[in-house]
Every structure is written in structure tokens, then in C-alpha cells.
>>> print(open('query29.cif').read())   # mmCIF, C-alpha atoms
data_model
loop_
_atom_site.label_atom_id
_atom_site.label_comp_id
_atom_site.auth_asym_id
_atom_site.auth_seq_id
_atom_site.Cartn_x
_atom_site.Cartn_y
_atom_site.Cartn_z
CA MET A 218 -27.00 6.90 4.77
CA ILE A 219 -26.53 9.40 1.93
CA HIS A 220 -29.49 9.63 -0.43
CA GLN A 221 -28.68 10.49 -4.03
CA ALA A 222 -31.19 12.37 -6.12
CA ASP A 223 -30.64 10.14 -9.15
CA SER A 224 -32.07 6.64 -9.46
CA PRO A 225 -29.74 3.64 -9.28
CA TYR A 226 -28.25 2.39 -12.52
CA LEU A 227 -29.62 -1.12 -12.00
CA GLN A 228 -31.69 -3.09 -9.47
CA VAL A 229 -31.88 -6.88 -9.55
CA ILE A 230 -34.32 -8.94 -7.43
CA TRP A 231 -33.65 -12.68 -7.22
CA HIS A 232 -35.63 -15.42 -5.49
CA ASP A 233 -33.90 -18.59 -4.35
CA PRO A 234 -35.63 -21.49 -6.11
CA VAL A 235 -35.15 -23.77 -3.07
CA THR A 236 -35.96 -21.61 -0.02
CA GLY A 237 -37.93 -18.86 -1.75
CA ARG A 238 -35.87 -16.20 0.06
CA PRO A 239 -35.03 -13.06 -1.94
CA GLY A 240 -31.68 -11.61 -2.81
CA PHE A 241 -30.79 -8.26 -4.31
CA LEU A 242 -28.12 -6.47 -6.31
CA VAL A 243 -28.17 -2.71 -6.72
CA ILE A 244 -25.65 -0.93 -8.93
CA ASP A 245 -25.96 2.71 -7.95
CA ARG A 246 -23.39 4.05 -10.39
CA LEU A 247 -20.77 2.90 -12.88
CA VAL A 248 -17.44 4.68 -13.28
CA ARG A 249 -15.36 3.48 -16.22
CA GLY A 250 -17.90 0.67 -16.47
CA VAL A 251 -17.21 -0.74 -13.00
CA CYS A 252 -18.72 -0.53 -9.51
CA SER A 253 -17.66 -1.67 -6.04
CA GLY A 254 -19.50 -2.90 -2.96
CA GLY A 255 -19.87 -5.88 -0.65
CA LEU A 256 -22.43 -8.66 -0.31
CA ARG A 257 -24.29 -9.08 2.97
CA MET A 258 -26.49 -11.89 4.27
CA ARG A 259 -28.96 -11.34 7.07
CA PRO A 260 -32.56 -12.26 7.80
CA GLY A 261 -34.83 -9.38 6.87
CA CYS A 262 -32.53 -7.80 4.29
CA THR A 263 -34.55 -5.63 1.89
CA LEU A 264 -34.16 -3.98 -1.48
CA SER A 265 -34.39 -0.49 0.03
CA GLU A 266 -31.63 -1.39 2.50
CA VAL A 267 -29.36 -2.61 -0.30
CA ALA A 268 -30.15 0.47 -2.42
CA GLY A 269 -29.19 2.72 0.48
CA LEU A 270 -25.95 0.82 0.98
CA ALA A 271 -25.14 1.06 -2.74
CA SER A 272 -25.69 4.82 -2.63
CA GLY A 273 -23.40 4.97 0.38
CA MET A 274 -20.70 3.08 -1.54
CA THR A 275 -20.82 5.69 -4.29
CA ALA A 276 -20.22 8.33 -1.63
CA LYS A 277 -17.37 6.36 0.00
CA GLU A 278 -15.63 5.98 -3.33
CA ALA A 279 -15.97 9.69 -4.09
CA LEU A 280 -14.90 10.87 -0.62
CA ASN A 281 -11.63 8.96 -0.88
CA TYR A 282 -10.73 10.30 -4.32
CA ASP A 283 -7.14 11.51 -4.52
CA PRO A 284 -6.32 13.06 -7.91
CA ALA A 285 -2.64 12.31 -7.28
CA GLY A 286 -3.20 8.61 -6.60
CA ARG A 287 -3.22 5.61 -8.91
CA TYR A 288 -6.54 4.43 -7.49
CA ILE A 289 -9.41 5.99 -9.39
CA PRO A 290 -12.72 5.61 -7.53
CA LEU A 291 -15.35 3.27 -8.90
CA GLY A 292 -19.12 3.46 -8.84
CA GLY A 293 -21.08 2.18 -5.85
CA ALA A 294 -22.98 -1.10 -5.59
CA LYS A 295 -24.22 -3.57 -2.99
CA GLY A 296 -25.63 -7.07 -2.79
CA GLY A 297 -27.88 -8.56 -0.13
CA ILE A 298 -29.50 -11.89 0.67
CA ASP A 299 -32.44 -12.25 3.04
CA PHE A 300 -31.21 -15.35 4.88
CA ASP A 301 -29.65 -16.28 8.21
CA PRO A 302 -25.89 -16.81 7.73
CA ARG A 303 -25.89 -19.22 10.68
CA ASP A 304 -28.34 -21.55 8.97
CA PRO A 305 -26.65 -24.75 7.70
CA ALA A 306 -28.12 -24.03 4.26
CA ALA A 307 -26.52 -20.57 4.03
CA VAL A 308 -23.62 -21.59 1.80
CA ASP A 309 -25.98 -23.34 -0.62
CA VAL A 310 -28.14 -20.22 -0.81
CA LEU A 311 -25.01 -18.14 -1.37
CA ARG A 312 -23.91 -20.48 -4.16
CA ARG A 313 -27.24 -20.16 -5.96
CA TYR A 314 -27.21 -16.36 -5.58
CA LEU A 315 -23.67 -16.06 -6.94
CA THR A 316 -24.58 -18.32 -9.83
CA ALA A 317 -27.46 -16.01 -10.70
CA VAL A 318 -25.44 -12.77 -10.53
CA ARG A 319 -22.25 -14.23 -12.01
CA PRO A 320 -22.42 -12.15 -15.23
CA TYR A 321 -22.41 -8.95 -13.17
CA ILE A 322 -19.41 -10.10 -11.11
CA GLU A 323 -17.49 -11.00 -14.24
CA GLN A 324 -18.13 -7.69 -16.00
CA PHE A 325 -19.28 -4.89 -13.69
CA TRP A 326 -19.43 -5.62 -9.95
CA THR A 327 -16.29 -5.92 -7.82
CA MET A 328 -17.52 -7.40 -4.55
CA GLY A 329 -16.40 -8.80 -1.22
CA GLU A 330 -17.56 -9.64 2.28
CA ASP A 331 -20.05 -7.67 4.29
CA LEU A 332 -22.33 -8.36 7.25
CA GLY A 333 -22.91 -12.10 7.73
CA LEU A 334 -20.39 -13.25 5.13
CA ARG A 335 -16.63 -13.77 5.14
CA GLN A 336 -14.35 -13.20 2.19
CA ASP A 337 -12.90 -16.71 2.31
CA THR A 338 -16.42 -18.18 2.02
CA ILE A 339 -17.21 -16.01 -1.00
CA ASP A 340 -13.87 -16.87 -2.60
CA GLU A 341 -14.39 -20.61 -2.08
CA VAL A 342 -17.84 -20.57 -3.66
CA LEU A 343 -16.70 -18.45 -6.61
CA ALA A 344 -13.80 -20.84 -7.18
CA GLU A 345 -16.26 -23.75 -7.29
CA LEU A 346 -18.22 -21.86 -9.93
CA GLY A 347 -15.10 -21.21 -12.00
CA VAL A 348 -15.05 -17.45 -11.41
CA ARG A 349 -11.49 -16.13 -11.29
CA SER A 350 -11.99 -13.55 -8.58
CA SER A 351 -14.64 -11.49 -6.81
CA ILE A 352 -12.95 -8.37 -8.25
CA GLN A 353 -12.16 -9.57 -11.76
CA ALA A 354 -14.31 -6.82 -13.33
CA ILE A 355 -11.61 -4.32 -12.44
CA TYR A 356 -8.75 -6.19 -14.14
CA PRO A 357 -9.10 -4.31 -17.45
CA LEU A 358 -8.54 -1.00 -15.62
CA VAL A 359 -4.91 -1.72 -14.63
CA ASP A 360 -1.84 -2.00 -16.83
CA ASP A 361 -0.54 -5.16 -15.18
CA PRO A 362 -3.43 -7.19 -13.70
CA ALA A 363 -1.15 -10.07 -12.68
CA LYS A 364 1.10 -7.78 -10.65
CA ALA A 365 -1.91 -6.05 -9.09
CA ARG A 366 -3.49 -9.40 -8.15
CA LYS A 367 -0.21 -10.60 -6.67
CA ARG A 368 0.11 -7.44 -4.56
CA LEU A 369 -3.41 -7.85 -3.18
CA ALA A 370 -2.95 -11.59 -2.61
CA ASP A 371 0.29 -10.90 -0.72
CA ALA A 372 -1.53 -8.35 1.43
CA PHE A 373 -4.22 -10.90 2.28
CA GLU A 374 -1.52 -13.31 3.46
CA ILE A 375 -0.23 -10.83 6.05
CA SER A 376 -1.22 -11.29 9.68
CA VAL A 377 -0.57 -8.99 12.63
CA ASP A 378 -0.48 -10.61 16.07
CA GLY A 379 -2.25 -13.61 14.60
CA VAL A 380 -5.03 -11.59 12.92
CA ALA A 381 -5.29 -11.23 9.15
CA LEU A 382 -4.49 -7.74 7.88
CA ASP A 383 -7.71 -7.57 5.85
CA GLU A 384 -9.68 -8.06 9.11
CA LEU A 385 -7.83 -5.18 10.78
CA VAL A 386 -7.83 -2.37 8.23
CA GLY A 387 -11.51 -1.43 8.63
CA GLY A 388 -11.27 -1.27 12.40
CA CYS A 389 -8.09 0.79 12.16
CA GLY A 390 -10.03 3.36 10.16
CA VAL A 391 -13.02 3.39 12.52
CA ALA A 392 -10.76 3.74 15.55
CA GLU A 393 -8.88 6.61 13.91
CA ALA A 394 -12.19 8.34 13.11
CA ALA A 395 -13.18 7.88 16.77
CA LEU A 396 -9.88 9.33 17.99
CA ALA A 397 -10.36 12.33 15.71
CA GLY A 398 -13.87 12.79 17.12
CA ILE A 399 -12.60 12.48 20.69
CA GLU A 400 -10.04 15.20 20.05
CA HIS A 401 -12.61 17.39 18.31
CA LEU A 402 -14.90 17.20 21.34
CA ASN A 403 -11.99 17.34 23.79
CA LEU A 404 -13.36 14.34 25.69
CA SER A 405 -11.46 13.61 28.87
CA GLN A 406 -10.71 9.96 29.75
CA PRO A 407 -13.07 8.59 27.10
CA LYS A 408 -14.71 5.20 27.46
CA ALA A 409 -16.02 3.31 24.46
CA PHE A 410 -18.74 0.76 23.86
CA VAL A 411 -18.57 -1.37 20.71
CA GLN A 412 -21.78 -3.03 19.52
CA GLY A 413 -20.76 -5.99 17.38
CA PHE A 414 -17.54 -7.94 17.88
CA GLY A 415 -16.91 -9.42 14.44
CA SER A 416 -14.04 -8.41 12.21
CA MET A 417 -14.95 -4.69 12.13
CA GLY A 418 -16.05 -4.29 15.75
CA GLY A 419 -13.29 -6.47 17.13
CA ALA A 420 -10.57 -4.62 15.23
CA THR A 421 -12.03 -1.26 16.25
CA ALA A 422 -11.96 -2.30 19.91
CA ARG A 423 -8.37 -3.52 19.52
CA PHE A 424 -7.11 -0.24 18.05
CA LEU A 425 -9.04 1.90 20.53
CA ALA A 426 -7.66 -0.06 23.48
CA ARG A 427 -4.13 0.18 22.12
CA ALA A 428 -4.60 3.95 21.74
CA GLY A 429 -5.43 4.20 25.45
CA VAL A 430 -9.23 4.37 25.20
CA ARG A 431 -10.94 2.16 27.77
CA VAL A 432 -13.41 -0.19 26.14
CA ALA A 433 -16.11 -0.37 28.81
CA GLY A 434 -18.31 -2.85 26.98
CA ILE A 435 -18.97 -4.90 23.89
CA ALA A 436 -22.09 -6.55 22.53
CA ASP A 437 -22.21 -9.75 20.53
CA ALA A 438 -25.04 -12.10 19.55
CA ALA A 439 -25.09 -13.64 23.04
CA GLY A 440 -25.46 -10.39 24.97
CA VAL A 441 -23.33 -7.66 26.55
CA VAL A 442 -20.02 -7.92 28.36
CA ALA A 443 -19.11 -4.82 30.37
CA ASN A 444 -16.52 -3.59 32.82
CA PRO A 445 -16.39 0.09 33.89
CA GLY A 446 -12.65 -0.21 34.40
CA GLY A 447 -12.12 -1.47 30.88
CA LEU A 448 -12.30 -4.92 29.29
CA ASP A 449 -9.29 -7.02 28.38
CA VAL A 450 -9.94 -6.65 24.67
CA GLU A 451 -7.07 -8.88 23.56
CA ARG A 452 -8.33 -11.70 25.76
CA LEU A 453 -11.86 -11.39 24.43
CA LEU A 454 -10.66 -11.37 20.83
CA LEU A 455 -8.85 -14.66 21.35
CA THR A 456 -12.06 -16.32 22.56
CA ARG A 457 -14.33 -15.30 19.63
CA ASP A 458 -15.94 -17.81 17.32
CA ARG A 459 -16.21 -17.09 13.60
CA PHE A 460 -19.41 -15.10 14.16
CA GLY A 461 -17.75 -12.79 16.71
CA THR A 462 -19.31 -14.35 19.83
CA VAL A 463 -17.14 -14.31 22.94
CA ASP A 464 -16.63 -17.42 25.11
CA ARG A 465 -18.24 -16.41 28.41
CA ASP A 466 -16.17 -19.00 30.29
CA GLN A 467 -13.08 -16.88 29.59
CA LEU A 468 -14.35 -13.67 31.23
CA ARG A 469 -12.48 -12.09 34.15
CA PRO A 470 -14.05 -11.79 37.63
CA GLY A 471 -14.85 -8.08 37.15
CA ASP A 472 -16.55 -8.52 33.81
CA GLN A 473 -20.33 -8.24 33.88
CA GLN A 474 -22.77 -10.10 31.67
CA LEU A 475 -25.92 -8.23 30.64
CA PRO A 476 -28.74 -9.02 28.23
CA LEU A 477 -28.34 -7.82 24.66
CA SER A 478 -31.18 -5.35 25.15
CA ALA A 479 -29.00 -3.46 27.65
CA TRP A 480 -26.30 -2.47 25.18
CA LEU A 481 -27.22 1.21 25.32
CA ASP A 482 -27.29 1.17 29.13
CA VAL A 483 -23.52 0.83 29.55
CA GLU A 484 -21.93 4.17 30.42
CA ALA A 485 -19.59 5.25 27.62
CA SER A 486 -18.77 8.59 26.02
CA VAL A 487 -18.00 6.95 22.65
CA LEU A 488 -20.50 4.59 21.02
CA VAL A 489 -19.45 2.44 18.07
CA PRO A 490 -22.35 0.56 16.45
CA ALA A 491 -20.55 -2.11 14.42
CA ALA A 492 -23.23 -4.69 13.74
CA VAL A 493 -26.56 -4.32 11.94
CA SER A 494 -28.30 -1.47 10.17
CA TYR A 495 -30.98 0.53 12.00
CA ALA A 496 -29.68 -0.54 15.43
CA ILE A 497 -30.33 2.89 16.97
CA ASP A 498 -33.92 3.97 16.45
CA ASP A 499 -34.57 5.54 19.86
CA ALA A 500 -32.37 8.57 20.45
CA GLY A 501 -33.52 8.87 24.03
CA LYS A 502 -31.58 5.76 25.03
CA VAL A 503 -28.21 7.07 23.83
CA ARG A 504 -25.92 8.38 26.57
CA ALA A 505 -22.75 8.94 24.55
CA ASP A 506 -21.23 12.21 23.34
CA LEU A 507 -19.87 10.70 20.14
CA ILE A 508 -21.22 8.02 17.78
CA VAL A 509 -18.88 6.54 15.20
CA GLU A 510 -20.72 4.45 12.63
CA ALA A 511 -18.68 1.32 11.99
CA ALA A 512 -21.76 -0.47 10.63
CA ASN A 513 -23.61 0.70 7.54
CA MET A 514 -26.69 2.80 8.33
CA PRO A 515 -26.82 1.90 12.07
CA VAL A 516 -28.76 5.05 13.06
CA THR A 517 -32.20 5.69 11.60
CA ALA A 518 -32.82 9.06 9.98
CA ALA A 519 -35.33 10.10 12.66
CA ALA A 520 -32.97 9.16 15.49
CA GLU A 521 -30.11 11.04 13.85
CA VAL A 522 -32.13 14.26 13.80
CA GLN A 523 -32.94 13.88 17.49
CA LEU A 524 -29.37 13.02 18.43
CA SER A 525 -28.00 16.00 16.51
CA GLU A 526 -30.47 18.28 18.28
CA ARG A 527 -29.07 17.00 21.58
CA GLY A 528 -25.55 17.95 20.45
CA ILE A 529 -24.31 14.40 19.97
CA LEU A 530 -21.66 14.22 17.25
CA ILE A 531 -22.13 11.45 14.68
CA ILE A 532 -19.29 10.53 12.34
CA PRO A 533 -21.26 8.87 9.52
CA ASP A 534 -20.66 5.45 8.05
CA VAL A 535 -19.59 6.73 4.63
CA VAL A 536 -16.63 8.33 6.40
CA ALA A 537 -15.87 6.12 9.39
CA ASN A 538 -16.00 2.67 7.80
CA SER A 539 -14.59 3.52 4.38
CA ALA A 540 -11.04 2.29 5.08
CA THR A 541 -11.64 -1.34 4.12
CA ASN A 542 -12.80 -0.43 0.64
CA SER A 543 -10.03 2.13 0.15
CA TRP A 544 -7.32 -0.24 1.37
CA TRP A 545 -8.36 -2.90 -1.15
CA TRP A 546 -8.01 -0.46 -4.03
CA TRP A 547 -4.95 1.38 -2.73
CA THR A 548 -3.22 -1.98 -2.59
CA PHE A 549 -4.55 -3.27 -5.91
CA PHE A 550 -3.64 -0.10 -7.82
CA GLY A 551 -0.26 0.22 -6.10
CA ASP A 552 -0.72 3.29 -3.90
CA VAL A 553 0.16 1.05 -0.92
CA GLU A 554 2.40 -1.99 -0.94
CA ALA A 555 1.54 -5.29 0.75
CA ASP A 556 2.78 -4.17 4.14
CA ALA A 557 0.89 -3.76 7.43
CA ASP A 558 2.72 -0.64 8.60
CA ALA A 559 2.21 1.03 5.23
CA ALA A 560 -1.48 0.12 5.28
CA PHE A 561 -2.10 1.40 8.80
CA GLY A 562 -0.10 4.56 8.15
CA ARG A 563 -2.03 5.39 4.99
CA ILE A 564 -5.38 4.65 6.66
CA ARG A 565 -4.63 6.83 9.68
CA GLN A 566 -3.46 9.73 7.55
CA SER A 567 -6.35 9.50 5.12
CA MET A 568 -8.98 9.11 7.85
CA ARG A 569 -7.70 12.07 9.82
CA GLN A 570 -7.81 14.23 6.72
CA LEU A 571 -11.28 13.05 5.74
CA VAL A 572 -12.80 13.48 9.21
CA GLY A 573 -11.18 16.91 9.44
CA ARG A 574 -12.64 17.98 6.09
CA VAL A 575 -16.11 16.75 7.04
CA LEU A 576 -16.16 18.33 10.50
CA ASN A 577 -14.77 21.63 9.19
CA ARG A 578 -17.40 21.72 6.45
CA ALA A 579 -20.14 20.94 8.97
CA GLU A 580 -19.03 23.80 11.21
CA GLN A 581 -18.72 26.25 8.33
CA GLU A 582 -22.21 25.45 7.06
CA ALA A 583 -23.80 24.91 10.49
CA THR A 584 -24.96 21.47 9.50
CA ILE A 585 -24.46 17.87 10.59
CA PRO A 586 -21.44 15.82 9.47
CA ARG A 587 -23.61 13.58 7.29
CA ALA A 588 -24.83 16.53 5.25
CA ALA A 589 -21.28 17.85 5.01
CA ALA A 590 -20.06 14.45 3.81
CA ALA A 591 -22.86 14.36 1.23
CA ALA A 592 -21.83 17.76 -0.11
CA LEU A 593 -18.17 16.75 -0.33
CA ALA A 594 -19.08 13.47 -2.01
CA ALA A 595 -21.27 15.25 -4.58
CA GLU A 596 -18.46 17.64 -5.44
CA ALA A 597 -15.97 14.81 -5.83
CA SER A 598 -18.46 12.80 -7.89
CA ASP A 599 -18.82 15.70 -10.31
CA VAL A 600 -15.05 15.84 -10.75
CA ILE A 601 -14.85 12.08 -11.28
CA SER A 602 -17.69 12.18 -13.81
CA ARG A 603 -16.02 14.95 -15.81
CA ARG A 604 -12.67 13.17 -15.82
CA PHE A 605 -13.69 9.57 -16.30
CA GLY A 606 -17.37 9.42 -17.16
CA ALA A 607 -20.08 7.84 -15.05
CA ALA A 608 -23.39 6.18 -15.71
CA ARG A 609 -26.64 6.26 -13.75
CA ALA A 610 -30.23 5.67 -14.71
#
>>> encode(input="query29.cif", output="C-alpha cells")
Amino acid sequence: MIHQADSPYLQVIWHDPVTGRPGFLVIDRLVRGVCSGGLRMRPGCTLSEVAGLASGMTAKEALNYDPAGRYIPLGGAKGGIDFDPRDPAAVDVLRRYLTAVRPYIEQFWTMGEDLGLRQDTIDEVLAELGVRSSIQAIYPLVDDPAKARKRLADAFEISVDGVALDELVGGCGVAEAALAGIEHLNLSQPKAFVQGFGSMGGATARFLARAGVRVAGIADAAGVVANPGGLDVERLLLTRDRFGTVDRDQLRPGDQQLPLSAWLDVEASVLVPAAVSYAIDDAGKVRADLIVEAANMPVTAAAEVQLSERGILIIPDVVANSATNSWWWWTFFGDVEADADAAFGRIRQSMRQLVGRVLNRAEQEATIPRAAAAALAAEASDVISRRFGAARA
């Protein structure tokens, strides 16, 4: 998590009139009058969590700024609902939340799926409400909105090996960040553990396995599946339900089932937390050499200090999981066409460059990658503000 010195531009607290559960919207920053960030749903979601995520989105936007590109970064924002997405009433709660924040979606907040929510669910509810799109606030910023919408819609129709492209791009970026970290540390015969097997974690495991990294274990809501020799990731992916839970009846004889509490016990040199925030709060349990943050804010600040003191490299979330957001806007603005190979190629190139810049800056300043990323984001934000204007409280 990157903390900004300035206060957020706007904080909204909503209470569901039926269940009483709260929801939040934090706009950290506006650039050209628009901000970007997903909507999550999980029990226990808090305003401070959403504010931290919104600040992180500002950093992600800034870190991926390319002055030569058509995509001009937006401000950062985030939404959150304190409710269990598995509850049968979840869609009704989502509908009431989206009704309440509709004016922000229509004018300021471009939003999409995050933890606990899928894009198709958001799109269906918005369509019921008569909202054109979850990203309609950005339409005035392009010369030909219809062409831009068509390009993004075409990209969302693409599937690779039966998996939608939009579910793969984030994991492609995380895996590429992990491979860059592996090379930086010169890890021999790396083994990875992926905590969370939804769209981000599953895609990350897929790309790591295809790059020759053994995935020694995964964790989902039902527990841990591990195999020191490497899991059959493709097989596991085919057995997932829509929440990312693997069908245990489809495991191979050598696959081990462990309780969820044992997810840090599996031997792996690369750890990819790809589920909830604050998952790692005890540094002493971590056995990996490299942590790649696929989830937002998965390592607490105290644990990160302890892990860094032990020499464990952490590639922070604002770097590692930024590819999904960037791909949306690269495609919408026309920097990338609706093509899987073009998307993966651009993501790999961009992620390698970004991780390289962050790690080089960290070494030069004898600091941790998160601090280096914060410095780079602040510098880029200043450039963006001077060129395009930005608003904060």
C-alpha cells in the first residue's frame, strides 16, 4: 500500500437500507475530471481499506504513464461493500449500492470488478439500472467513443484456451513480475505457491507453469492443495467453480490436501498472495525468497518491515497487479488492439520495464521496492498534474 500525503478528493459512506451493511466509495484523485478503480465485496471491508486501495490506484495509474502513448492515466478510486459475495442476497445489495453511487459512475468513476465481484455481474446490474457502461465517465476523453467501446468489447469477447482474455491479463502481468523477480534473485529451480485461485490467482498459476515454474501449491476457500513435484495447474483450472474453488474429486494421487491455515507451510521460493488484503501479518511464517503481491495490500506494513529485514524481496501490488487496469485503458484508447498476442506482448514488455525501474531505484537508494515505487509514482504524478491537471482535497 502506498500512502499519499494528501487527503482523498472524496469519501462516501453508504448504508444498505435492507441489511444495514456499509459500503464505501473513495475518490483519491481526479485527472481530467475522471478516476479509475474497481469495486470489491467482502465481509469486513472498511473505509480505511478502500481509501488505501484508492491511493494505490492513483499510484498504479501514474506508474504506467507513457508520454508517447494514447492512454493518459486517470486518478485513483475504489469502491467496497461490507458483505459476503456468496450470500444469496449479494446481488440485491450490489444493486442498491450501485443505485446509490450511480451519479459518480456516470460522471467521474470508471469502475470494474475486484475481489468478490465479477465484471459480468456488475454489467448486468448496471444494465438493469439503465447505466450505459461501468466506464462511461471516460467517454468524453476520447475522440471516437463508439470505436473505443467497440475495441474494448471485442477484446472482452476473446478467449484463450477457453478462458476469457480479461481474466488472463492480470495474471500474465503478475507472472511476468514474478519471473523478473526470480531472475533478479537468480533463484534456481523456483517453486511457487499461489494463495487464491480466482481469476487473478488462477491466471498467474497458469502463466507461471507455462513458463516452467513448478506450482507446488494453491490455496482456495476450501483449503490447500499441494504437490512438491508440481500441480497440474491446467487440470485444476478446469475444475474451479465461479468462486475459484477446486473440485477435490479431480485431484491426482500425489496431490495433498491441507487445511487453509497451512498455506504458508508449503515449501516454495516464490509466494503469490492473490486473495484478500492483510493475509500476511506474521513475517515469521514466511519461508519464501520472493513475494509477488497479486492481491491488493496482502502484506501488513509491520510484516513488510520484518520481511525486508530478513532479505525477502517483495514486488508490491501497485507494480505486480497493475496489468489489468493498464490493459483496459491501452485497449480503450487504442495503444493495443483487441488481440490476445498483442495484449500479452505489451503486458510482458511493460511489466519487465516497470519492475526493472523499481528494483534499480530500490538498489540505488538502498530502500525497499515499495518505497521506490512510491517515489516513481510521485514523480510521474507531478508530470501528469502539470500536463493535464489533477484535483485532490
>>> closest_residue(input="query29.cif", among="A:Arg469, A:Arg312, A:Lys277, A:Arg335", to="A:Gly447", atoms="all atoms listed in the file")
A:Arg469
>>> residues_around(input="query29.cif", residues="A:Tyr226", least_positions_apart="6", cutoff="12 Å", atoms="only C-alpha atoms", output="ChimeraX atom specification")
/A:242-248,250-252,268,271-272,275,292-295,325,607-610
>>> closest_residue(input="query29.cif", among="A:Trp547, A:Trp326, A:Phe300, A:Phe424", to="A:Asp283", atoms="only C-alpha atoms")
A:Trp547
>>> resolve_selection(input="query29.cif", expression="the PyMOL selection byres ((chain A and resi 317) around 12)", output="PDB file with C-alpha atoms, keeping the file's coordinate frame")
ATOM      1  CA  VAL A 229     -31.880  -6.880  -9.550  1.00  0.00           C
ATOM      2  CA  ILE A 230     -34.320  -8.940  -7.430  1.00  0.00           C
ATOM      3  CA  TRP A 231     -33.650 -12.680  -7.220  1.00  0.00           C
ATOM      4  CA  HIS A 232     -35.630 -15.420  -5.490  1.00  0.00           C
ATOM      5  CA  ASP A 233     -33.900 -18.590  -4.350  1.00  0.00           C
ATOM      6  CA  PRO A 234     -35.630 -21.490  -6.110  1.00  0.00           C
ATOM      7  CA  PRO A 239     -35.030 -13.060  -1.940  1.00  0.00           C
ATOM      8  CA  GLY A 240     -31.680 -11.610  -2.810  1.00  0.00           C
ATOM      9  CA  PHE A 241     -30.790  -8.260  -4.310  1.00  0.00           C
ATOM     10  CA  LEU A 242     -28.120  -6.470  -6.310  1.00  0.00           C
ATOM     11  CA  VAL A 310     -28.140 -20.220  -0.810  1.00  0.00           C
ATOM     12  CA  LEU A 311     -25.010 -18.140  -1.370  1.00  0.00           C
ATOM     13  CA  ARG A 312     -23.910 -20.480  -4.160  1.00  0.00           C
ATOM     14  CA  ARG A 313     -27.240 -20.160  -5.960  1.00  0.00           C
ATOM     15  CA  TYR A 314     -27.210 -16.360  -5.580  1.00  0.00           C
ATOM     16  CA  LEU A 315     -23.670 -16.060  -6.940  1.00  0.00           C
ATOM     17  CA  THR A 316     -24.580 -18.320  -9.830  1.00  0.00           C
ATOM     18  CA  VAL A 318     -25.440 -12.770 -10.530  1.00  0.00           C
ATOM     19  CA  ARG A 319     -22.250 -14.230 -12.010  1.00  0.00           C
ATOM     20  CA  PRO A 320     -22.420 -12.150 -15.230  1.00  0.00           C
ATOM     21  CA  TYR A 321     -22.410  -8.950 -13.170  1.00  0.00           C
ATOM     22  CA  ILE A 322     -19.410 -10.100 -11.110  1.00  0.00           C
ATOM     23  CA  GLU A 323     -17.490 -11.000 -14.240  1.00  0.00           C
ATOM     24  CA  LEU A 343     -16.700 -18.450  -6.610  1.00  0.00           C
ATOM     25  CA  LEU A 346     -18.220 -21.860  -9.930  1.00  0.00           C
TER      26      LEU A 346
END
>>> closest_residue(input="query29.cif", among="A:Thr338, A:Ser376, A:Thr456, A:Thr327", to="A:Phe414", atoms="all atoms listed in the file")
A:Thr456
>>> resolve_selection(input="query29.cif", expression="the PyMOL selection byres ((chain A and resi 585) around 12)", output="PyMOL selection string")
chain A and resi 521-533+575-584+586-592
>>> residues_around(input="query29.cif", residues="A:Asp499", least_positions_apart="5", cutoff="9 Å", atoms="only C-alpha atoms", output="PyMOL selection string")
chain A and resi 516-517+519-520+523
>>> atom_distance(input="query29.cif", atom1="atom CA of A:Met328", atom2="atom CA of A:Val380")
21.9 Å
>>> residues_around(input="query29.cif", residues="A:Asp371", least_positions_apart="5", cutoff="9 Å", atoms="only C-alpha atoms", output="list in words")
Arg366, Ala555 and Asp556 of chain A
>>> closest_residue(input="query29.cif", among="A:Asn403, A:Ile289, A:Leu264, A:Ala560", to="A:Val359", atoms="all atoms listed in the file")
A:Ile289
>>> resolve_selection(input="query29.cif", expression="the PyMOL selection byres ((chain A and resi 492) around 8)", output="number ranges by chain")
A: 332, 412-415, 418, 490-491, 493-494, 496, 511-512, 515
>>> residues_around(input="query29.cif", residues="A:Ala365", least_positions_apart="4", cutoff="8 Å", atoms="all atoms listed in the file", output="PDB file with C-alpha atoms, in the coordinates of the input")
ATOM      1  CA  VAL A 359      -4.910  -1.720 -14.630  1.00  0.00           C
ATOM      2  CA  ASP A 361      -0.540  -5.160 -15.180  1.00  0.00           C
ATOM      3  CA  LEU A 369      -3.410  -7.850  -3.180  1.00  0.00           C
ATOM      4  CA  THR A 548      -3.220  -1.980  -2.590  1.00  0.00           C
ATOM      5  CA  PHE A 549      -4.550  -3.270  -5.910  1.00  0.00           C
ATOM      6  CA  PHE A 550      -3.640  -0.100  -7.820  1.00  0.00           C
ATOM      7  CA  GLY A 551      -0.260   0.220  -6.100  1.00  0.00           C
TER       8      GLY A 551
END
